[in-house]
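File shown: target_5.pdb (PDB, C-alpha atoms, pLDDT in the B column).
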ATOM      1  CA  ASP U 176      36.529 -53.063   3.726  1.00 52.00           C
ATOM      2  CA  GLY U 177      38.640 -49.951   4.229  1.00 52.00           C
ATOM      3  CA  ASP U 178      38.350 -49.003   0.541  1.00 55.00           C
ATOM      4  CA  THR U 179      34.575 -49.491   0.587  1.00 53.00           C
ATOM      5  CA  SER U 180      34.247 -47.283   3.663  1.00 54.00           C
ATOM      6  CA  VAL U 181      36.272 -44.463   2.126  1.00 52.00           C
ATOM      7  CA  SER U 182      34.236 -44.691  -1.087  1.00 54.00           C
ATOM      8  CA  ALA U 183      30.980 -44.401   0.861  1.00 53.00           C
ATOM      9  CA  ILE U 184      32.222 -41.294   2.700  1.00 53.00           C
ATOM     10  CA  ALA U 185      33.278 -39.684  -0.595  1.00 53.00           C
ATOM     11  CA  VAL U 186      29.822 -40.239  -2.074  1.00 53.00           C
ATOM     12  CA  ALA U 187      28.194 -38.724   0.983  1.00 53.00           C
ATOM     13  CA  LEU U 188      30.432 -35.652   0.733  1.00 53.00           C
ATOM     14  CA  ILE U 189      29.592 -35.218  -2.933  1.00 55.00           C
ATOM     15  CA  ASP U 190      25.874 -35.492  -2.211  1.00 62.00           C
ATOM     16  CA  ILE U 191      26.089 -32.910   0.600  1.00 67.00           C
ATOM     17  CA  SER U 192      28.096 -30.573  -1.634  1.00 74.00           C
ATOM     18  CA  LYS U 193      25.480 -30.777  -4.388  1.00 72.00           C
ATOM     19  CA  GLN U 194      22.685 -30.144  -1.880  1.00 72.00           C
ATOM     20  CA  LYS U 195      24.490 -27.086  -0.481  1.00 76.00           C
ATOM     21  CA  LYS U 196      25.011 -25.699  -3.978  1.00 75.00           C
ATOM     22  CA  LEU U 197      21.334 -26.206  -4.775  1.00 71.00           C
ATOM     23  CA  GLU U 198      20.291 -24.557  -1.506  1.00 71.00           C
ATOM     24  CA  THR U 199      22.616 -21.613  -2.159  1.00 75.00           C
ATOM     25  CA  ALA U 200      21.352 -21.233  -5.722  1.00 66.00           C
ATOM     26  CA  LEU U 201      17.749 -21.361  -4.486  1.00 66.00           C
ATOM     27  CA  ALA U 202      18.453 -18.745  -1.805  1.00 65.00           C
ATOM     28  CA  VAL U 203      20.063 -16.434  -4.384  1.00 63.00           C
ATOM     29  CA  ALA U 204      17.131 -16.951  -6.764  1.00 56.00           C
ATOM     30  CA  ASN U 205      14.664 -16.128  -3.984  1.00 60.00           C
ATOM     31  CA  ASP U 206      16.616 -12.986  -3.049  1.00 55.00           C
ATOM     32  CA  ASN U 207      16.675 -11.882  -6.686  1.00 50.00           C
ATOM     33  CA  LEU U 208      12.963 -12.566  -7.038  1.00 43.00           C
ATOM     34  CA  PHE U 209      12.169 -10.581  -3.879  1.00 47.00           C
ATOM     35  CA  THR U 210      14.333  -7.669  -5.081  1.00 44.00           C
ATOM     36  CA  ALA U 211      12.635  -7.738  -8.488  1.00 39.00           C
ATOM     37  CA  TYR U 212       9.210  -7.810  -6.827  1.00 41.00           C
ATOM     38  CA  LYS U 213      10.079  -4.766  -4.701  1.00 41.00           C
ATOM     39  CA  GLU U 214      11.352  -2.904  -7.752  1.00 39.00           C
ATOM     40  CA  ILE U 215       8.205  -3.726  -9.736  1.00 38.00           C
ATOM     41  CA  LYS U 216       6.032  -2.652  -6.791  1.00 44.00           C
ATOM     42  CA  ILE U 217       7.926   0.653  -6.473  1.00 48.00           C
ATOM     43  CA  PHE U 218       7.673   1.222 -10.223  1.00 42.00           C
ATOM     44  CA  ALA U 219       3.939   0.464 -10.224  1.00 77.00           C
ATOM     45  CA  GLU U 220       3.315   2.992  -7.436  1.00 93.00           C
ATOM     46  CA  THR U 221       5.643   5.779  -8.675  1.00 96.00           C
ATOM     47  CA  ASP U 222       4.816   8.654 -11.017  1.00 96.00           C
ATOM     48  CA  ALA U 223       7.280   8.485 -13.907  1.00 94.00           C
ATOM     49  CA  LEU U 224       7.573  12.263 -14.378  1.00 96.00           C
ATOM     50  CA  THR U 225       7.937  13.557 -10.820  1.00 97.00           C
ATOM     51  CA  GLY U 226       9.160  10.540  -8.860  1.00 96.00           C
ATOM     52  CA  LEU U 227       6.362  11.034  -6.332  1.00 97.00           C
ATOM     53  CA  VAL U 228       3.882   8.319  -5.441  1.00 96.00           C
ATOM     54  CA  ASN U 229       1.243   7.939  -8.164  1.00 97.00           C
ATOM     55  CA  ARG U 230      -2.531   7.820  -7.736  1.00 95.00           C
ATOM     56  CA  TYR U 231      -2.603   4.034  -7.348  1.00 95.00           C
ATOM     57  CA  GLY U 232       0.054   4.085  -4.634  1.00 96.00           C
ATOM     58  CA  LEU U 233      -1.574   7.030  -2.893  1.00 96.00           C
ATOM     59  CA  GLU U 234      -4.972   5.367  -2.600  1.00 94.00           C
ATOM     60  CA  LYS U 235      -3.421   2.215  -1.128  1.00 95.00           C
ATOM     61  CA  PHE U 236      -1.356   4.264   1.341  1.00 96.00           C
ATOM     62  CA  PHE U 237      -4.325   6.436   2.318  1.00 97.00           C
ATOM     63  CA  GLU U 238      -6.589   3.473   3.025  1.00 96.00           C
ATOM     64  CA  ARG U 239      -3.884   1.710   5.045  1.00 96.00           C
ATOM     65  CA  GLU U 240      -3.192   4.808   7.150  1.00 97.00           C
ATOM     66  CA  ILE U 241      -6.899   5.355   7.816  1.00 98.00           C
ATOM     67  CA  ARG U 242      -7.031   1.858   9.306  1.00 97.00           C
ATOM     68  CA  ARG U 243      -3.950   2.491  11.418  1.00 97.00           C
ATOM     69  CA  CYS U 244      -5.040   5.928  12.655  1.00 97.00           C
ATOM     70  CA  ARG U 245      -8.497   4.591  13.531  1.00 97.00           C
ATOM     71  CA  ARG U 246      -6.964   1.697  15.440  1.00 96.00           C
ATOM     72  CA  GLU U 247      -4.584   3.994  17.339  1.00 96.00           C
ATOM     73  CA  LEU U 248      -7.174   6.787  17.816  1.00 96.00           C
ATOM     74  CA  HIS U 249      -5.142   9.315  15.817  1.00 97.00           C
ATOM     75  CA  PRO U 250      -6.394  12.044  13.451  1.00 97.00           C
ATOM     76  CA  ILE U 251      -5.687  12.128   9.720  1.00 98.00           C
ATOM     77  CA  ALA U 252      -5.755  14.920   7.143  1.00 98.00           C
ATOM     78  CA  VAL U 253      -5.358  15.346   3.399  1.00 98.00           C
ATOM     79  CA  ALA U 254      -4.393  18.330   1.241  1.00 98.00           C
ATOM     80  CA  ILE U 255      -5.052  18.711  -2.485  1.00 98.00           C
ATOM     81  CA  VAL U 256      -2.649  21.078  -4.240  1.00 98.00           C
ATOM     82  CA  ASP U 257      -3.537  22.437  -7.665  1.00 98.00           C
ATOM     83  CA  VAL U 258      -1.143  24.568  -9.746  1.00 98.00           C
ATOM     84  CA  ASP U 259      -2.906  27.833 -10.585  1.00 97.00           C
ATOM     85  CA  CYS U 260      -3.621  28.530 -14.272  1.00 96.00           C
ATOM     86  CA  PHE U 261      -1.264  25.808 -15.436  1.00 97.00           C
ATOM     87  CA  LYS U 262      -2.936  25.235 -18.813  1.00 96.00           C
ATOM     88  CA  PRO U 263      -2.125  28.748 -20.128  1.00 96.00           C
ATOM     89  CA  TYR U 264       1.448  28.256 -18.908  1.00 96.00           C
ATOM     90  CA  ASN U 265       1.692  24.927 -20.736  1.00 95.00           C
ATOM     91  CA  ASP U 266       0.163  26.412 -23.893  1.00 95.00           C
ATOM     92  CA  ARG U 267       2.656  29.280 -23.958  1.00 95.00           C
ATOM     93  CA  HIS U 268       5.846  27.432 -22.978  1.00 95.00           C
ATOM     94  CA  GLY U 269       5.168  23.948 -24.324  1.00 96.00           C
ATOM     95  CA  HIS U 270       4.941  20.540 -22.701  1.00 94.00           C
ATOM     96  CA  VAL U 271       8.699  20.138 -22.138  1.00 96.00           C
ATOM     97  CA  SER U 272       8.862  23.314 -20.040  1.00 96.00           C
ATOM     98  CA  GLY U 273       5.569  22.369 -18.433  1.00 97.00           C
ATOM     99  CA  ASP U 274       6.935  18.990 -17.385  1.00 97.00           C
ATOM    100  CA  GLU U 275      10.103  20.573 -15.987  1.00 98.00           C
ATOM    101  CA  SER U 276       7.984  22.983 -13.945  1.00 98.00           C
ATOM    102  CA  LEU U 277       5.833  20.148 -12.615  1.00 98.00           C
ATOM    103  CA  LYS U 278       8.971  18.277 -11.544  1.00 98.00           C
ATOM    104  CA  ALA U 279      10.229  21.387  -9.736  1.00 98.00           C
ATOM    105  CA  ILE U 280       6.864  21.879  -8.008  1.00 98.00           C
ATOM    106  CA  ALA U 281       6.773  18.200  -7.006  1.00 98.00           C
ATOM    107  CA  GLY U 282      10.219  18.638  -5.441  1.00 97.00           C
ATOM    108  CA  ALA U 283       9.041  21.731  -3.578  1.00 97.00           C
ATOM    109  CA  ILE U 284       6.004  19.862  -2.221  1.00 98.00           C
ATOM    110  CA  GLN U 285       8.140  16.914  -1.166  1.00 97.00           C
ATOM    111  CA  SER U 286      10.602  19.200   0.622  1.00 96.00           C
ATOM    112  CA  ALA U 287       7.733  20.807   2.556  1.00 95.00           C
ATOM    113  CA  VAL U 288       6.404  17.410   3.690  1.00 94.00           C
ATOM    114  CA  ARG U 289       9.155  16.597   6.172  1.00 85.00           C
ATOM    115  CA  ARG U 290       7.889  13.679   8.240  1.00 91.00           C
ATOM    116  CA  PRO U 291       8.783  10.168   6.996  1.00 90.00           C
ATOM    117  CA  GLY U 292       5.224   8.926   7.610  1.00 93.00           C
ATOM    118  CA  ASP U 293       3.584  11.501   5.317  1.00 96.00           C
ATOM    119  CA  CYS U 294       2.909  10.871   1.638  1.00 97.00           C
ATOM    120  CA  ALA U 295       3.142  13.338  -1.259  1.00 97.00           C
ATOM    121  CA  ALA U 296       1.700  12.117  -4.549  1.00 98.00           C
ATOM    122  CA  ARG U 297       0.922  13.280  -8.046  1.00 97.00           C
ATOM    123  CA  TYR U 298      -2.800  12.721  -8.432  1.00 96.00           C
ATOM    124  CA  GLY U 299      -2.955  13.581 -12.106  1.00 91.00           C
ATOM    125  CA  GLY U 300      -1.999  16.418 -14.440  1.00 94.00           C
ATOM    126  CA  ASP U 301      -1.075  19.449 -12.347  1.00 97.00           C
ATOM    127  CA  GLU U 302      -2.809  18.197  -9.198  1.00 98.00           C
ATOM    128  CA  PHE U 303      -0.995  16.803  -6.155  1.00 98.00           C
ATOM    129  CA  VAL U 304      -2.260  15.181  -2.962  1.00 98.00           C
ATOM    130  CA  VAL U 305      -0.561  15.049   0.439  1.00 98.00           C
ATOM    131  CA  VAL U 306      -1.762  12.582   3.080  1.00 98.00           C
ATOM    132  CA  LEU U 307      -0.851  13.529   6.651  1.00 98.00           C
ATOM    133  CA  PRO U 308      -1.445  10.775   9.231  1.00 97.00           C
ATOM    134  CA  ASN U 309      -1.475  11.745  12.921  1.00 97.00           C
ATOM    135  CA  THR U 310      -2.277  15.316  11.861  1.00 97.00           C
ATOM    136  CA  THR U 311      -5.230  17.547  12.698  1.00 95.00           C
ATOM    137  CA  PRO U 312      -6.749  19.913  10.107  1.00 94.00           C
ATOM    138  CA  ALA U 313      -4.943  22.772  11.878  1.00 94.00           C
ATOM    139  CA  GLY U 314      -1.638  20.932  11.530  1.00 96.00           C
ATOM    140  CA  ALA U 315      -2.394  20.226   7.877  1.00 97.00           C
ATOM    141  CA  GLU U 316      -3.050  23.929   7.322  1.00 97.00           C
ATOM    142  CA  HIS U 317       0.455  24.687   8.613  1.00 97.00           C
ATOM    143  CA  VAL U 318       1.921  22.170   6.152  1.00 97.00           C
ATOM    144  CA  GLY U 319      -0.221  23.640   3.376  1.00 98.00           C
ATOM    145  CA  ARG U 320       1.065  27.161   4.032  1.00 97.00           C
ATOM    146  CA  THR U 321       4.618  25.836   3.876  1.00 97.00           C
ATOM    147  CA  ILE U 322       3.875  24.157   0.544  1.00 98.00           C
ATOM    148  CA  GLN U 323       2.452  27.409  -0.846  1.00 97.00           C
ATOM    149  CA  ARG U 324       5.527  29.400   0.173  1.00 97.00           C
ATOM    150  CA  THR U 325       7.905  26.786  -1.169  1.00 97.00           C
ATOM    151  CA  VAL U 326       6.142  26.620  -4.552  1.00 97.00           C
ATOM    152  CA  ALA U 327       5.954  30.427  -4.853  1.00 97.00           C
ATOM    153  CA  ASN U 328       9.643  30.707  -3.925  1.00 97.00           C
ATOM    154  CA  LEU U 329      10.541  28.679  -7.016  1.00 98.00           C
ATOM    155  CA  ALA U 330       9.730  31.941  -8.847  1.00 97.00           C
ATOM    156  CA  ILE U 331       8.722  30.186 -12.074  1.00 97.00           C
ATOM    157  CA  ARG U 332       7.689  33.056 -14.347  1.00 96.00           C
ATOM    158  CA  HIS U 333       4.042  32.926 -15.508  1.00 96.00           C
ATOM    159  CA  THR U 334       3.057  35.967 -17.533  1.00 93.00           C
ATOM    160  CA  ASP U 335      -0.446  34.604 -18.166  1.00 91.00           C
ATOM    161  CA  GLY U 336      -1.219  34.058 -14.477  1.00 90.00           C
ATOM    162  CA  PRO U 337      -2.564  36.482 -11.886  1.00 91.00           C
ATOM    163  CA  PHE U 338       0.638  36.492  -9.803  1.00 94.00           C
ATOM    164  CA  ALA U 339       3.353  36.599 -12.519  1.00 95.00           C
ATOM    165  CA  ARG U 340       4.697  33.273 -11.213  1.00 96.00           C
ATOM    166  CA  LEU U 341       3.371  29.760 -10.762  1.00 97.00           C
ATOM    167  CA  THR U 342       1.462  29.374  -7.497  1.00 98.00           C
ATOM    168  CA  GLY U 343      -0.746  26.763  -5.885  1.00 97.00           C
ATOM    169  CA  SER U 344      -4.239  26.648  -4.442  1.00 98.00           C
ATOM    170  CA  ILE U 345      -4.851  24.162  -1.638  1.00 98.00           C
ATOM    171  CA  GLY U 346      -7.897  22.463  -0.163  1.00 98.00           C
ATOM    172  CA  ILE U 347      -7.667  20.584   3.127  1.00 98.00           C
ATOM    173  CA  ALA U 348      -9.956  18.122   4.896  1.00 97.00           C
ATOM    174  CA  GLY U 349      -9.394  16.014   7.983  1.00 96.00           C
ATOM    175  CA  LEU U 350     -10.844  13.949  10.779  1.00 96.00           C
ATOM    176  CA  THR U 351      -9.829  14.136  14.417  1.00 94.00           C
ATOM    177  CA  THR U 352     -11.884  11.006  15.126  1.00 94.00           C
ATOM    178  CA  ILE U 353     -12.274   8.322  12.454  1.00 96.00           C
ATOM    179  CA  PRO U 354     -15.665   6.555  12.558  1.00 94.00           C
ATOM    180  CA  ARG U 355     -15.415   2.837  13.230  1.00 94.00           C
ATOM    181  CA  ASP U 356     -18.535   1.799  11.332  1.00 94.00           C
ATOM    182  CA  THR U 357     -17.449   3.237   7.961  1.00 96.00           C
ATOM    183  CA  PRO U 358     -15.189   1.322   5.536  1.00 97.00           C
ATOM    184  CA  PRO U 359     -11.730   2.913   5.098  1.00 97.00           C
ATOM    185  CA  VAL U 360     -12.216   3.286   1.343  1.00 96.00           C
ATOM    186  CA  ALA U 361     -15.409   5.278   1.947  1.00 97.00           C
ATOM    187  CA  ILE U 362     -13.607   7.526   4.449  1.00 97.00           C
ATOM    188  CA  ARG U 363     -10.756   8.036   1.986  1.00 97.00           C
ATOM    189  CA  ASP U 364     -13.089   9.020  -0.835  1.00 96.00           C
ATOM    190  CA  CYS U 365     -15.111  11.314   1.415  1.00 96.00           C
ATOM    191  CA  LEU U 366     -11.990  13.111   2.633  1.00 97.00           C
ATOM    192  CA  LEU U 367     -10.775  13.564  -0.947  1.00 97.00           C
ATOM    193  CA  ARG U 368     -14.158  14.951  -2.030  1.00 97.00           C
ATOM    194  CA  SER U 369     -14.206  17.376   0.897  1.00 97.00           C
ATOM    195  CA  ALA U 370     -10.644  18.525   0.209  1.00 98.00           C
ATOM    196  CA  ASP U 371     -11.597  18.995  -3.438  1.00 97.00           C
ATOM    197  CA  LYS U 372     -14.549  21.197  -2.450  1.00 96.00           C
ATOM    198  CA  ALA U 373     -12.206  23.241  -0.251  1.00 97.00           C
ATOM    199  CA  LEU U 374      -9.782  23.526  -3.182  1.00 97.00           C
ATOM    200  CA  TYR U 375     -12.478  24.968  -5.437  1.00 96.00           C
ATOM    201  CA  ALA U 376     -13.436  27.413  -2.708  1.00 96.00           C
ATOM    202  CA  ALA U 377      -9.788  28.555  -2.638  1.00 97.00           C
ATOM    203  CA  LYS U 378      -9.822  28.960  -6.416  1.00 96.00           C
ATOM    204  CA  ASP U 379     -13.112  30.870  -6.354  1.00 96.00           C
ATOM    205  CA  ALA U 380     -11.610  33.231  -3.766  1.00 95.00           C
ATOM    206  CA  GLY U 381      -8.876  34.289  -6.204  1.00 94.00           C
ATOM    207  CA  ARG U 382      -6.350  31.405  -6.263  1.00 95.00           C
ATOM    208  CA  ASN U 383      -3.025  31.109  -4.423  1.00 96.00           C
ATOM    209  CA  GLY U 384      -5.110  30.514  -1.302  1.00 96.00           C
ATOM    210  CA  LEU U 385      -5.880  27.767   1.196  1.00 98.00           C
ATOM    211  CA  VAL U 386      -9.241  26.614   2.541  1.00 97.00           C
ATOM    212  CA  VAL U 387      -9.879  24.031   5.262  1.00 97.00           C
ATOM    213  CA  TRP U 388     -13.154  22.156   4.810  1.00 95.00           C
ATOM    214  CA  ASN U 389     -15.076  22.333   8.078  1.00 80.00           C
ATOM    215  CA  GLU U 390     -18.333  20.563   7.265  1.00 63.00           C
ATOM    216  CA  LYS U 391     -18.872  17.317   9.143  1.00 50.00           C
ATOM    217  CA  LEU U 392     -18.354  14.247   6.996  1.00 40.00           C
TER     218      LEU U 392
END
Using structure tokens, write down the structure from this file.
Amino acid sequence: DGDTSVSAIAVALIDISKQKKLETALAVANDNLFTAYKEIKIFAETDALTGLVNRYGLEKFFEREIRRCRRELHPIAVAIVDVDCFKPYNDRHGHVSGDESLKAIAGAIQSAVRRPGDCAARYGGDEFVVVLPNTTPAGAEHVGRTIQRTVANLAIRHTDGPFARLTGSIGIAGLTTIPRDTPPVAIRDCLLRSADKALYAAKDAGRNGLVVWNEKL
């Protein structure tokens, strides 16, 4: 009877050991899967050239922050930054130099956007977008002026441009009160369109300028 009892205990210990190993292996596999998912998500929402958020990631962030700011009764603003006369620069210096300049400008924009809750993104080509939650249009203008100075201070020579260096034009739009009866995606698109109109007004005024769109959405 004693031998049988010991044998039964040994089997139970072996079974528990196998179960623990399986549970540990499953936990490790789940951790690895979660890490891989996060890496894929980051990769999918990151611009490969500049390291900023890409257009896909920006639109998701923008829509999410509109919901949050509306819920918490906070303002929200957006700035579109366009590099002035970038095509002639690219044509003269080539795409490698053009890409290096875009990376430098992206870094300058990111350094000017200091709050953790803000989002700087490459929207496409030589155009960047900055989303500023909890920020009024006046506050966004201050950030925009900082971006302009930071980009100009890079002193990237541009002999075919009007200012002998690469500069940026900026259009800004914002809402101090976010309407509750309008879908967030519609608000996002409307703010981007308004900022784009302000950007073109800045370009029409001679470039290297900033315009805040003041028409009601």
Quiz prompt | Result set of the PyMOL selection byres ((chain U and resi 303-319) around 8) on the coordinates above, as an MDAnalysis selection string | solution = chainID U and resid 237 240:241 244 249:257 281 287:288 292:299 301:302 320:323 345 347:351 385 387
Quiz item: Hey, what's within 9 Å of segment 265-279 of chain U if we count all atoms listed in the file and toss same-chain stuff fewer than 3 positions away? As a ChimeraX atom specification, please?
Solution: /U:224-226,258,261-262,282-284,300-301,326,329,331,335,341
Quiz item: Given the choices U:Thr357, U:Ser344, U:Thr325, U:Thr352, which gets closest to Asp379 of chain U if the distance is worked out from only C-alpha atoms?
Solution: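 Ranked by minimum distance to Asp379 of chain U, first place goes to U:Ser344.
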Self-check item: For atom CA of Gln285 of chain U and atom CA of Arg332 of chain U, the interatomic separation in Å (one decimal)
Solution: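 So the two atoms, atom CA of Gln285 of chain U and atom CA of Arg332 of chain U, lie 20.8 Å apart.
Among U:Pro354, U:Gly346, U:Pro359, U:Gly384, the residue with the shortest atom-to-atom distance to Ala327 of chain U, counting only C-alpha atoms, is U:Gly384.
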Quiz item: Of the residues U:Arg363, U:Ala373, U:Gly336, U:Arg355, which is the one nearest to Leu248 of chain U, using only C-alpha atoms?
Solution: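 That would be U:Arg355, the residue with the smallest distance to Leu248 of chain U.
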